[in-house]
$ cat my_file-v2.txt   # compact mmCIF, C-alpha atoms
# COMPACT_ATOMS: atom_id res chain seq x y z
CA MET A 1 18.60 -3.61 -28.98
CA GLY A 2 21.25 -0.90 -28.85
CA ARG A 3 18.62 1.72 -27.98
CA LEU A 4 17.09 -0.46 -25.31
CA ALA A 5 20.51 -1.11 -23.78
CA PHE A 6 20.94 2.66 -23.55
CA PHE A 7 17.48 3.70 -22.37
CA LEU A 8 16.90 0.95 -19.82
CA PRO A 9 19.78 1.88 -17.50
CA VAL A 10 19.24 5.60 -18.03
CA SER A 11 15.53 5.42 -17.21
CA GLY A 12 16.35 3.15 -14.27
CA PHE A 13 18.77 5.76 -13.00
CA ILE A 14 16.24 8.56 -13.43
CA VAL A 15 13.54 6.64 -11.52
CA LEU A 16 15.93 5.85 -8.68
CA ALA A 17 17.21 9.43 -8.57
CA LEU A 18 13.64 10.79 -8.39
CA LEU A 19 12.78 8.36 -5.57
CA LEU A 20 15.87 9.32 -3.58
CA TRP A 21 15.26 13.02 -4.31
CA ARG A 22 11.75 12.71 -2.89
CA GLY A 23 13.20 10.84 0.06
CA LEU A 24 15.28 13.88 0.96
CA PHE A 25 12.10 15.80 1.74
CA LEU A 26 10.23 13.13 3.69
CA ASP A 27 10.05 13.62 7.43
CA PRO A 28 11.54 10.51 9.06
CA LYS A 29 9.80 11.49 12.30
CA GLU A 30 6.39 10.96 10.75
CA LEU A 31 5.71 7.29 11.39
CA PRO A 32 2.53 5.69 10.08
CA SER A 33 0.05 5.15 12.89
CA MET A 34 -1.15 1.63 13.57
CA LEU A 35 -4.42 2.95 15.02
CA ILE A 36 -5.88 4.43 11.86
CA ASP A 37 -9.39 2.97 11.40
CA LYS A 38 -9.21 1.33 14.84
CA PRO A 39 -11.42 2.37 17.76
CA MET A 40 -10.02 4.59 20.50
CA PRO A 41 -8.29 2.42 23.10
CA GLU A 42 -10.31 1.70 26.24
CA PHE A 43 -9.48 3.98 29.13
CA GLN A 44 -10.68 5.01 32.54
CA LEU A 45 -8.58 7.90 33.82
CA PRO A 46 -8.86 11.15 35.76
CA THR A 47 -8.95 14.52 34.04
CA VAL A 48 -6.47 17.20 35.08
CA ASP A 49 -9.37 18.64 37.11
CA GLY A 50 -9.81 15.38 39.01
CA ASP A 51 -13.00 13.94 37.45
CA THR A 52 -12.95 10.31 36.40
CA ILE A 53 -13.79 9.70 32.77
CA SER A 54 -13.86 6.84 30.27
CA ASN A 55 -14.70 6.23 26.61
CA ALA A 56 -18.37 6.93 27.40
CA ASN A 57 -17.52 10.60 28.07
CA LEU A 58 -16.12 11.16 24.57
CA PRO A 59 -18.23 13.31 22.22
CA ASP A 60 -20.52 11.39 19.86
CA GLN A 61 -19.45 13.60 16.98
CA ILE A 62 -16.18 14.13 15.10
CA PHE A 63 -13.56 15.52 17.47
CA LEU A 64 -9.83 16.18 17.87
CA LEU A 65 -7.66 14.46 20.44
CA ASN A 66 -4.59 16.58 21.17
CA VAL A 67 -1.63 15.18 23.09
CA TRP A 68 0.03 18.01 25.04
CA GLY A 69 2.15 18.80 28.07
CA SER A 70 3.12 21.90 30.02
CA TYR A 71 6.82 21.13 29.31
CA CYS A 72 6.18 21.02 25.55
CA LEU A 73 7.22 24.17 23.68
CA PRO A 74 5.74 23.23 20.29
CA CYS A 75 2.40 22.86 22.10
CA LEU A 76 2.50 26.62 22.73
CA VAL A 77 3.00 27.17 19.01
CA GLU A 78 -0.12 25.22 18.06
CA HIS A 79 -2.13 26.48 21.02
CA PRO A 80 -3.69 29.53 19.26
CA THR A 81 -5.14 27.23 16.59
CA PHE A 82 -6.88 25.07 19.17
CA MET A 83 -8.10 28.20 20.99
CA ARG A 84 -9.64 29.49 17.78
CA LEU A 85 -11.22 26.12 16.96
CA SER A 86 -12.86 25.82 20.35
CA GLU A 87 -13.93 29.51 20.55
CA GLU A 88 -15.55 29.33 17.13
CA GLY A 89 -17.12 25.99 18.04
CA GLU A 90 -15.75 24.43 14.87
CA ILE A 91 -14.91 21.07 16.43
CA PRO A 92 -14.64 19.76 20.02
CA VAL A 93 -11.05 19.30 21.22
CA ILE A 94 -10.16 16.76 23.90
CA GLY A 95 -6.73 16.97 25.49
CA VAL A 96 -4.42 14.19 26.59
CA ASN A 97 -2.09 15.63 29.21
CA TYR A 98 0.86 13.36 28.44
CA LYS A 99 3.46 12.57 31.11
CA ASP A 100 2.86 15.78 33.02
CA GLN A 101 1.92 16.84 36.55
CA SER A 102 -1.66 17.96 37.06
CA GLU A 103 -0.70 21.14 38.99
CA LEU A 104 1.64 22.21 36.18
CA ALA A 105 -0.98 21.30 33.60
CA ARG A 106 -3.66 23.33 35.38
CA SER A 107 -1.49 26.41 35.69
CA TRP A 108 -0.45 26.07 32.03
CA LEU A 109 -4.13 26.08 31.04
CA GLU A 110 -4.83 29.05 33.31
CA THR A 111 -1.96 31.07 31.84
CA ASN A 112 -2.48 30.22 28.18
CA GLY A 113 -6.20 29.50 28.02
CA ASN A 114 -8.03 26.20 27.90
CA PRO A 115 -9.26 25.03 24.50
CA PHE A 116 -10.10 21.51 25.72
CA ALA A 117 -13.52 20.19 26.68
CA PHE A 118 -11.47 18.18 29.17
CA SER A 119 -7.90 16.88 29.40
CA ILE A 120 -7.31 13.21 30.12
CA GLU A 121 -4.49 12.93 32.62
CA ASP A 122 -1.94 10.36 31.43
CA SER A 123 0.74 10.96 34.04
CA ASN A 124 2.73 7.76 33.43
CA GLY A 125 2.26 7.64 29.65
CA ARG A 126 0.42 4.29 29.70
CA PHE A 127 -2.56 5.60 27.72
CA GLY A 128 -0.09 7.18 25.31
CA ILE A 129 1.42 3.75 24.63
CA ASP A 130 -2.04 2.40 23.73
CA LEU A 131 -2.45 5.32 21.33
CA GLY A 132 1.01 4.76 19.83
CA VAL A 133 2.13 8.22 20.98
CA TYR A 134 5.84 8.92 21.00
CA GLY A 135 5.92 12.52 22.10
CA ALA A 136 3.80 15.64 22.41
CA PRO A 137 2.39 17.26 20.39
CA GLU A 138 0.33 14.80 18.37
CA THR A 139 -3.24 15.22 17.19
CA TYR A 140 -5.77 12.55 16.28
CA LEU A 141 -8.99 12.98 14.34
CA VAL A 142 -11.70 10.71 15.76
CA ASP A 143 -15.04 10.12 14.03
CA SER A 144 -18.54 10.02 15.55
CA GLU A 145 -18.23 6.26 16.14
CA GLY A 146 -15.08 6.75 18.22
CA VAL A 147 -12.81 5.40 15.47
CA ILE A 148 -9.43 7.07 14.90
CA ARG A 149 -9.26 8.29 11.30
CA TYR A 150 -6.20 10.50 11.02
CA ARG A 151 -3.08 11.35 12.95
CA HIS A 152 -0.80 14.37 12.72
CA VAL A 153 2.57 14.33 14.48
CA SER A 154 4.09 17.64 15.70
CA VAL A 155 2.65 21.15 15.48
CA LEU A 156 -0.88 21.60 14.11
CA ASP A 157 -0.92 25.20 12.93
CA GLU A 158 -3.42 26.98 10.68
CA ARG A 159 -1.64 25.71 7.57
CA VAL A 160 -1.82 22.06 8.68
CA TRP A 161 -5.42 22.62 9.74
CA ALA A 162 -6.37 23.96 6.31
CA GLU A 163 -4.32 21.51 4.24
CA GLU A 164 -4.71 18.26 6.17
CA PHE A 165 -7.56 18.40 8.64
CA LEU A 166 -10.25 20.31 6.75
CA PRO A 167 -10.21 17.88 3.78
CA ALA A 168 -10.14 14.87 6.14
CA ILE A 169 -13.07 16.24 8.15
CA ALA A 170 -15.04 17.06 5.00
CA GLU A 171 -14.57 13.46 3.91
CA LEU A 172 -15.81 12.13 7.26
CA ARG A 173 -18.85 14.44 7.26
CA ALA A 174 -19.71 13.28 3.73
CA GLU A 175 -19.62 9.68 4.97
CA ASP A 176 -21.93 10.46 7.88
CA ILE A 177 -24.70 11.84 5.68
CA MET B 1 69.09 4.77 40.56
CA SER B 2 67.08 2.70 43.01
CA LEU B 3 65.27 5.87 44.02
CA ALA B 4 64.25 6.45 40.43
CA VAL B 5 62.89 2.89 40.13
CA ALA B 6 60.98 3.23 43.37
CA SER B 7 59.36 6.48 42.31
CA PHE B 8 58.52 4.99 38.93
CA SER B 9 56.77 1.97 40.44
CA LEU B 10 54.99 4.17 42.94
CA SER B 11 53.56 6.37 40.22
CA THR B 12 52.56 3.27 38.20
CA ALA B 13 50.80 1.85 41.21
CA ALA B 14 49.01 5.15 41.75
CA ARG B 15 48.00 5.20 38.12
CA TRP B 16 46.61 1.67 38.32
CA ALA B 17 44.79 2.49 41.52
CA PHE B 18 43.28 5.54 39.87
CA LEU B 19 42.26 3.52 36.81
CA PHE B 20 40.68 0.88 39.01
CA LEU B 21 38.79 3.49 41.01
CA ALA B 22 37.59 5.21 37.86
CA CYS B 23 36.34 1.93 36.38
CA SER B 24 34.63 0.69 39.49
CA ALA B 25 33.00 4.06 39.98
CA SER B 26 31.68 4.37 36.44
CA LEU B 27 30.51 0.80 35.82
CA PRO B 28 27.43 0.87 38.07
CA VAL B 29 26.41 4.18 36.50
CA ILE B 30 26.47 2.68 33.00
CA TYR B 31 24.22 -0.23 33.92
CA ALA B 32 21.97 1.64 36.35
CA GLN B 33 19.35 2.24 33.66
CA VAL B 34 18.80 -1.48 33.12
CA ASP B 35 19.17 -2.63 36.66
CA THR B 36 16.44 -0.55 38.25
CA PHE B 37 13.99 -3.35 37.44
CA GLU B 38 13.77 -6.39 39.66
CA PHE B 39 13.33 -9.87 38.30
CA GLN B 40 12.71 -13.25 39.88
CA THR B 41 14.92 -15.27 37.57
CA GLU B 42 18.06 -14.77 35.52
CA GLU B 43 16.08 -15.86 32.44
CA GLN B 44 13.54 -13.04 32.89
CA GLN B 45 16.33 -10.49 33.12
CA GLN B 46 17.96 -12.00 30.05
CA ARG B 47 14.71 -11.67 28.09
CA PHE B 48 14.30 -8.09 29.25
CA ARG B 49 17.78 -7.23 28.01
CA GLN B 50 17.20 -8.99 24.71
CA LEU B 51 13.82 -7.32 24.05
CA SER B 52 14.97 -3.82 24.94
CA ASP B 53 18.06 -4.34 22.77
CA GLU B 54 16.03 -5.50 19.77
CA LEU B 55 13.20 -2.98 19.95
CA ARG B 56 13.71 0.50 18.59
CA CYS B 57 12.80 3.67 20.46
CA PRO B 58 9.97 5.27 18.43
CA MET B 59 10.98 8.80 19.42
CA CYS B 60 14.71 8.79 18.83
CA GLN B 61 14.85 7.17 15.38
CA ASN B 62 18.02 5.15 15.71
CA THR B 63 18.48 3.99 19.27
CA ASN B 64 17.19 0.84 20.87
CA LEU B 65 15.11 0.96 24.02
CA THR B 66 18.13 0.06 26.16
CA GLY B 67 20.18 2.98 24.94
CA SER B 68 17.50 5.64 24.92
CA SER B 69 16.71 8.07 27.69
CA GLY B 70 13.59 9.33 25.88
CA GLY B 71 10.33 9.43 27.83
CA VAL B 72 8.61 6.90 25.60
CA ALA B 73 11.56 4.49 25.79
CA GLU B 74 11.42 4.64 29.55
CA ASP B 75 7.69 3.84 29.51
CA LEU B 76 8.17 0.99 27.04
CA ARG B 77 10.93 -0.56 29.17
CA ARG B 78 8.55 -0.39 32.11
CA GLU B 79 5.86 -2.08 30.03
CA ILE B 80 8.24 -4.84 28.91
CA HIS B 81 9.16 -5.47 32.53
CA ARG B 82 5.48 -5.61 33.51
CA MET B 83 4.64 -8.03 30.69
CA ILE B 84 7.57 -10.31 31.48
CA MET B 85 6.55 -10.41 35.13
CA GLU B 86 2.97 -11.21 34.06
CA GLY B 87 4.33 -14.24 32.21
CA MET B 88 3.82 -13.10 28.63
CA THR B 89 6.03 -14.68 25.95
CA ASN B 90 8.43 -12.70 23.75
CA GLU B 91 6.04 -13.16 20.81
CA GLU B 92 3.15 -11.71 22.79
CA ILE B 93 5.24 -8.74 23.88
CA GLU B 94 6.40 -8.13 20.32
CA GLN B 95 2.80 -8.31 19.14
CA PHE B 96 1.83 -5.74 21.81
CA MET B 97 4.50 -3.39 20.46
CA PHE B 98 3.57 -4.05 16.83
CA GLU B 99 -0.11 -3.22 17.42
CA ARG B 100 0.86 0.19 18.78
CA TYR B 101 4.00 1.23 16.93
CA GLY B 102 4.04 -0.91 13.78
CA ASP B 103 7.06 -2.24 11.93
CA PHE B 104 9.16 0.74 12.98
CA ILE B 105 9.59 -0.66 16.47
CA PHE B 106 11.53 -3.67 15.17
CA TYR B 107 15.13 -3.38 14.07
CA LYS B 108 14.41 -6.58 12.14
CA PRO B 109 10.96 -6.00 10.61
CA ARG B 110 8.56 -8.90 10.27
CA LEU B 111 8.12 -10.56 6.89
CA ARG B 112 4.77 -9.19 5.68
CA MET B 113 3.29 -7.93 2.40
CA GLU B 114 4.27 -4.37 3.33
CA THR B 115 7.85 -5.33 4.16
CA LEU B 116 8.49 -7.69 1.22
CA PHE B 117 10.33 -5.02 -0.78
CA LEU B 118 12.40 -4.13 2.26
CA TRP B 119 13.51 -7.73 2.59
CA PHE B 120 13.96 -8.70 -1.05
CA GLY B 121 14.52 -5.34 -2.76
CA PRO B 122 18.33 -5.62 -2.42
CA LEU B 123 18.15 -9.12 -3.93
CA ILE B 124 16.26 -7.76 -6.96
CA PHE B 125 18.91 -5.08 -7.45
CA LEU B 126 21.65 -7.68 -7.12
CA VAL B 127 20.02 -9.84 -9.82
CA ILE B 128 19.58 -6.86 -12.19
CA GLY B 129 23.15 -5.70 -11.61
CA GLY B 130 24.54 -9.21 -11.97
CA ALA B 131 22.65 -9.79 -15.23
CA ALA B 132 23.88 -6.47 -16.63
CA ALA B 133 27.48 -7.26 -15.67
CA PHE B 134 27.18 -10.73 -17.26
CA VAL B 135 25.76 -9.41 -20.54
CA ILE B 136 28.35 -6.62 -20.78
CA SER B 137 31.29 -8.93 -20.13
CA ARG B 138 30.00 -11.51 -22.64
CA ARG B 139 29.57 -8.89 -25.29
CA ALA B 140 33.09 -7.60 -24.69
CA GLN B 141 34.44 -11.14 -25.06
CA GLN B 142 32.62 -11.68 -28.34
CA LYS B 143 33.88 -8.39 -29.70
CA GLU B 144 37.44 -9.31 -28.75
CA ARG B 145 37.18 -12.68 -30.48
CA LYS B 146 35.82 -11.03 -33.61
CA ALA B 147 38.61 -8.45 -33.59
CA SER B 148 41.28 -11.15 -33.48
CA GLU B 149 39.75 -13.15 -36.35
CA LEU B 150 40.83 -12.48 -39.97
CA ASP B 151 38.38 -12.07 -42.85
CA ASP B 152 38.88 -13.81 -46.22
CA ALA B 153 40.82 -10.96 -47.87
CA GLN B 154 43.16 -10.72 -44.89
CA ARG B 155 43.67 -14.48 -44.89
CA GLU B 156 44.61 -14.49 -48.61
CA LYS B 157 47.05 -11.65 -47.98
CA LEU B 158 48.58 -13.58 -45.10
CA GLN B 159 48.98 -16.69 -47.27
CA ALA B 160 50.61 -14.61 -49.97
CA LEU B 161 53.02 -13.07 -47.51
CA LEU B 162 53.92 -16.47 -46.05
CA LYS B 163 54.50 -17.87 -49.53
CA ALA B 164 56.70 -14.94 -50.49
CA GLN B 165 58.80 -15.48 -47.39
CA GLY B 166 59.50 -18.96 -48.58
$ encode --input "my_file-v2.txt" --output "structure tokens"
Amino acid sequence: MGRLAFFLPVSGFIVLALLLWRGLFLDPKELPSMLIDKPMPEFQLPTVDGDTISNANLPDQIFLLNVWGSYCLPCLVEHPTFMRLSEEGEIPVIGVNYKDQSELARSWLETNGNPFAFSIEDSNGRFGIDLGVYGAPETYLVDSEGVIRYRHVSVLDERVWAEEFLPAIAELRAEDI
Amino acid sequence: MSLAVASFSLSTAARWAFLFLACSASLPVIYAQVDTFEFQTEEQQQRFRQLSDELRCPMCQNTNLTGSSGGVAEDLRREIHRMIMEGMTNEEIEQFMFERYGDFIFYKPRLRMETLFLWFGPLIFLVIGGAAAFVISRRAQQKERKASELDDAQREKLQALLKAQG
């Protein structure tokens, strides 16, 4: 009884301390997405080049949906990764030009290069609300059925690509076979 | 003397006038963010205020939609206005927000399996802490009582002493 009375509070303290310690390193900006395992929201919107597109224009294979804007500095940081992915043909990348102006978006793509098959123009952020977006950059992994399977908030650099996306994609490809 | 009084009251009046001007100039600025939307009834406006006060801006972590100037907060206020004007109820609007942004959007999260610990966790800790405090204080009491009681040898000694005293 004496031992229990000593070890119970001490172990309780250690568990709580470990939990709080871990909490120090969690990113409070990373909110769980409500759209995981839900289909892409319905849309019919112009691209930044002026074509009208809808869900039917989405690739029927696994693809990335990257929310970006010409005003968004972190988007420049992750841009080389998307350029590499599209140049090497590793995975199709669709852009969502979030709360931007199409002229600015077009000149941004001209200056920095265009890794996107096309960029959906979401000038008023309404499509972003349906996606649960709260700021660029965000990247979604969508499977061949058009179902959202993974979301990454903030910069997707080579490290995030290797550590988060490659395993997630491998899992999806294994499902498809 | 009278000159001094006059100048005093003049400067007070000027100060009040300045204060009044400052207030009347800044008030419309403070409320401008809310009042850019037009409503048909007072009740609709009331609901708009209430909803944007109670919903949290997803981007800025600890500001409600009313107080946030973030892009997403602006869009969500616009959506709330649209939904109110379309005749949706508060529950429907909250459901709309929940489906997109989850529990985070509510300052007062819904009672669900995932939020049970959030709601009742503090109660569990209170019960554990209360039980520990109760046990500790009872034990201390028992110890005290034991310490003040005499064993047989001590009692005999006490009797002997009392007898010797007379």
$ interface_residues --input "my_file-v2.txt" --of "chain B" --to "chain A" --cutoff "6 Å" --atoms "all atoms listed in the file" --output "PyMOL selection string"
chain B and resi 59+72+100-102
$ atom_distance --input "my_file-v2.txt" --atom1 "CA of Asp60 (chain A)" --atom2 "CA of Pro41 (chain A)"
15.5 Å
$ closest_residue --input "my_file-v2.txt" --among "A:Leu166, A:Val142, A:Tyr150, A:Leu85" --to "Ile62 (chain A)" --atoms "all atoms listed in the file"
A:Val142
$ closest_residue --input "my_file-v2.txt" --among "B:Leu51, B:Ile105, B:Ile124, B:Cys60" --to "Arg78 (chain B)" --atoms "all atoms listed in the file"
B:Leu51
$ residues_near_point --input "my_file-v2.txt" --point "(5.7, -10.1, 26.2)" --cutoff "12 Å" --atoms "all atoms listed in the file" --output "MDAnalysis selection string"
chainID B and resid 44 47:48 50:52 76:98
$ atom_distance --input "my_file-v2.txt" --atom1 "CA of Phe117 (chain B)" --atom2 "CA of Trp21 (chain A)"
19.0 Å
$ residues_around --input "my_file-v2.txt" --residues "Arg149 (chain A)" --least-positions-apart "2" --cutoff "6 Å" --atoms "only C-alpha atoms" --output "list in words"
Ile36, Asp37, Leu141 and Val142 of chain A
$ residues_around --input "my_file-v2.txt" --residues "Phe165 (chain A)" --least-positions-apart "2" --cutoff "12 Å" --atoms "all atoms listed in the file" --output "mmCIF file with C-alpha atoms, in the coordinates of the input"
data_model
loop_
_atom_site.group_PDB
_atom_site.id
_atom_site.type_symbol
_atom_site.label_atom_id
_atom_site.label_comp_id
_atom_site.auth_asym_id
_atom_site.auth_seq_id
_atom_site.Cartn_x
_atom_site.Cartn_y
_atom_site.Cartn_z
ATOM 1 C CA ILE A 62 -16.180 14.130 15.100
ATOM 2 C CA PHE A 63 -13.560 15.520 17.470
ATOM 3 C CA LEU A 64 -9.830 16.180 17.870
ATOM 4 C CA LEU A 85 -11.220 26.120 16.960
ATOM 5 C CA GLU A 90 -15.750 24.430 14.870
ATOM 6 C CA ILE A 91 -14.910 21.070 16.430
ATOM 7 C CA THR A 139 -3.240 15.220 17.190
ATOM 8 C CA TYR A 140 -5.770 12.550 16.280
ATOM 9 C CA LEU A 141 -8.990 12.980 14.340
ATOM 10 C CA VAL A 142 -11.700 10.710 15.760
ATOM 11 C CA ARG A 149 -9.260 8.290 11.300
ATOM 12 C CA TYR A 150 -6.200 10.500 11.020
ATOM 13 C CA ARG A 151 -3.080 11.350 12.950
ATOM 14 C CA HIS A 152 -0.800 14.370 12.720
ATOM 15 C CA LEU A 156 -0.880 21.600 14.110
ATOM 16 C CA ASP A 157 -0.920 25.200 12.930
ATOM 17 C CA GLU A 158 -3.420 26.980 10.680
ATOM 18 C CA ARG A 159 -1.640 25.710 7.570
ATOM 19 C CA VAL A 160 -1.820 22.060 8.680
ATOM 20 C CA TRP A 161 -5.420 22.620 9.740
ATOM 21 C CA ALA A 162 -6.370 23.960 6.310
ATOM 22 C CA GLU A 163 -4.320 21.510 4.240
ATOM 23 C CA PRO A 167 -10.210 17.880 3.780
ATOM 24 C CA ALA A 168 -10.140 14.870 6.140
ATOM 25 C CA ILE A 169 -13.070 16.240 8.150
ATOM 26 C CA ALA A 170 -15.040 17.060 5.000
ATOM 27 C CA GLU A 171 -14.570 13.460 3.910
ATOM 28 C CA LEU A 172 -15.810 12.130 7.260
#
$ residues_near_point --input "my_file-v2.txt" --point "(-6.5, 17.0, 24.3)" --cutoff "9 Å" --atoms "only C-alpha atoms" --output "number ranges by chain"
A: 64-68, 93-97, 115-120, 139
$ atom_distance --input "my_file-v2.txt" --atom1 "CA of Arg110 (chain B)" --atom2 "CA of Gly130 (chain B)"
27.4 Å
$ closest_residue --input "my_file-v2.txt" --among "A:Val77, A:Met83, A:Ala105, A:Val15" --to "Val155 (chain A)" --atoms "all atoms listed in the file"
A:Val77
$ closest_residue --input "my_file-v2.txt" --among "A:Arg3, A:Glu164, A:Tyr71, A:Ser123" --to "Pro46 (chain A)" --atoms "all atoms listed in the file"
A:Ser123
$ build_atoms --input "my_file-v2.txt" --residues "region 41-58 of chain A" --atoms "N, CA and C atoms" --output "PDB file, keeping the file's coordinate frame"
ATOM      1  N   PRO A  41      -8.538   3.412  22.053  1.00  0.00           N
ATOM      2  CA  PRO A  41      -8.290   2.420  23.100  1.00  0.00           C
ATOM      3  C   PRO A  41      -9.161   2.665  24.333  1.00  0.00           C
ATOM      4  N   GLU A  42      -9.509   1.581  25.016  1.00  0.00           N
ATOM      5  CA  GLU A  42     -10.310   1.700  26.240  1.00  0.00           C
ATOM      6  C   GLU A  42      -9.509   2.428  27.302  1.00  0.00           C
ATOM      7  N   PHE A  43     -10.172   3.316  28.026  1.00  0.00           N
ATOM      8  CA  PHE A  43      -9.480   3.980  29.130  1.00  0.00           C
ATOM      9  C   PHE A  43     -10.459   4.345  30.230  1.00  0.00           C
ATOM     10  N   GLN A  44      -9.941   4.445  31.430  1.00  0.00           N
ATOM     11  CA  GLN A  44     -10.680   5.010  32.540  1.00  0.00           C
ATOM     12  C   GLN A  44      -9.659   5.761  33.382  1.00  0.00           C
ATOM     13  N   LEU A  45      -9.643   7.086  33.247  1.00  0.00           N
ATOM     14  CA  LEU A  45      -8.580   7.900  33.820  1.00  0.00           C
ATOM     15  C   LEU A  45      -9.171   9.187  34.389  1.00  0.00           C
ATOM     16  N   PRO A  46      -8.404   9.846  35.280  1.00  0.00           N
ATOM     17  CA  PRO A  46      -8.860  11.150  35.760  1.00  0.00           C
ATOM     18  C   PRO A  46      -8.590  12.225  34.715  1.00  0.00           C
ATOM     19  N   THR A  47      -9.315  13.346  34.817  1.00  0.00           N
ATOM     20  CA  THR A  47      -8.950  14.520  34.040  1.00  0.00           C
ATOM     21  C   THR A  47      -7.987  15.330  34.883  1.00  0.00           C
ATOM     22  N   VAL A  48      -7.382  16.367  34.285  1.00  0.00           N
ATOM     23  CA  VAL A  48      -6.470  17.200  35.080  1.00  0.00           C
ATOM     24  C   VAL A  48      -7.237  17.930  36.189  1.00  0.00           C
ATOM     25  N   ASP A  49      -8.573  18.012  36.057  1.00  0.00           N
ATOM     26  CA  ASP A  49      -9.370  18.640  37.110  1.00  0.00           C
ATOM     27  C   ASP A  49      -9.848  17.638  38.156  1.00  0.00           C
ATOM     28  N   GLY A  50      -9.514  16.362  37.993  1.00  0.00           N
ATOM     29  CA  GLY A  50      -9.810  15.380  39.010  1.00  0.00           C
ATOM     30  C   GLY A  50     -11.070  14.543  38.802  1.00  0.00           C
ATOM     31  N   ASP A  51     -11.842  14.805  37.736  1.00  0.00           N
ATOM     32  CA  ASP A  51     -13.000  13.940  37.450  1.00  0.00           C
ATOM     33  C   ASP A  51     -12.530  12.636  36.842  1.00  0.00           C
ATOM     34  N   THR A  52     -13.290  11.573  37.054  1.00  0.00           N
ATOM     35  CA  THR A  52     -12.950  10.310  36.400  1.00  0.00           C
ATOM     36  C   THR A  52     -13.775  10.173  35.131  1.00  0.00           C
ATOM     37  N   ILE A  53     -13.091   9.827  34.047  1.00  0.00           N
ATOM     38  CA  ILE A  53     -13.790   9.700  32.770  1.00  0.00           C
ATOM     39  C   ILE A  53     -13.367   8.420  32.061  1.00  0.00           C
ATOM     40  N   SER A  54     -14.177   8.029  31.061  1.00  0.00           N
ATOM     41  CA  SER A  54     -13.860   6.840  30.270  1.00  0.00           C
ATOM     42  C   SER A  54     -14.333   7.102  28.841  1.00  0.00           C
ATOM     43  N   ASN A  55     -14.298   6.071  28.005  1.00  0.00           N
ATOM     44  CA  ASN A  55     -14.700   6.230  26.610  1.00  0.00           C
ATOM     45  C   ASN A  55     -16.113   6.790  26.474  1.00  0.00           C
ATOM     46  N   ALA A  56     -16.978   6.483  27.478  1.00  0.00           N
ATOM     47  CA  ALA A  56     -18.370   6.930  27.400  1.00  0.00           C
ATOM     48  C   ALA A  56     -18.486   8.457  27.424  1.00  0.00           C
ATOM     49  N   ASN A  57     -17.469   9.144  27.977  1.00  0.00           N
ATOM     50  CA  ASN A  57     -17.520  10.600  28.070  1.00  0.00           C
ATOM     51  C   ASN A  57     -17.061  11.299  26.799  1.00  0.00           C
ATOM     52  N   LEU A  58     -16.603  10.538  25.812  1.00  0.00           N
ATOM     53  CA  LEU A  58     -16.120  11.160  24.570  1.00  0.00           C
ATOM     54  C   LEU A  58     -17.309  11.668  23.767  1.00  0.00           C
TER      55      LEU A  58
END
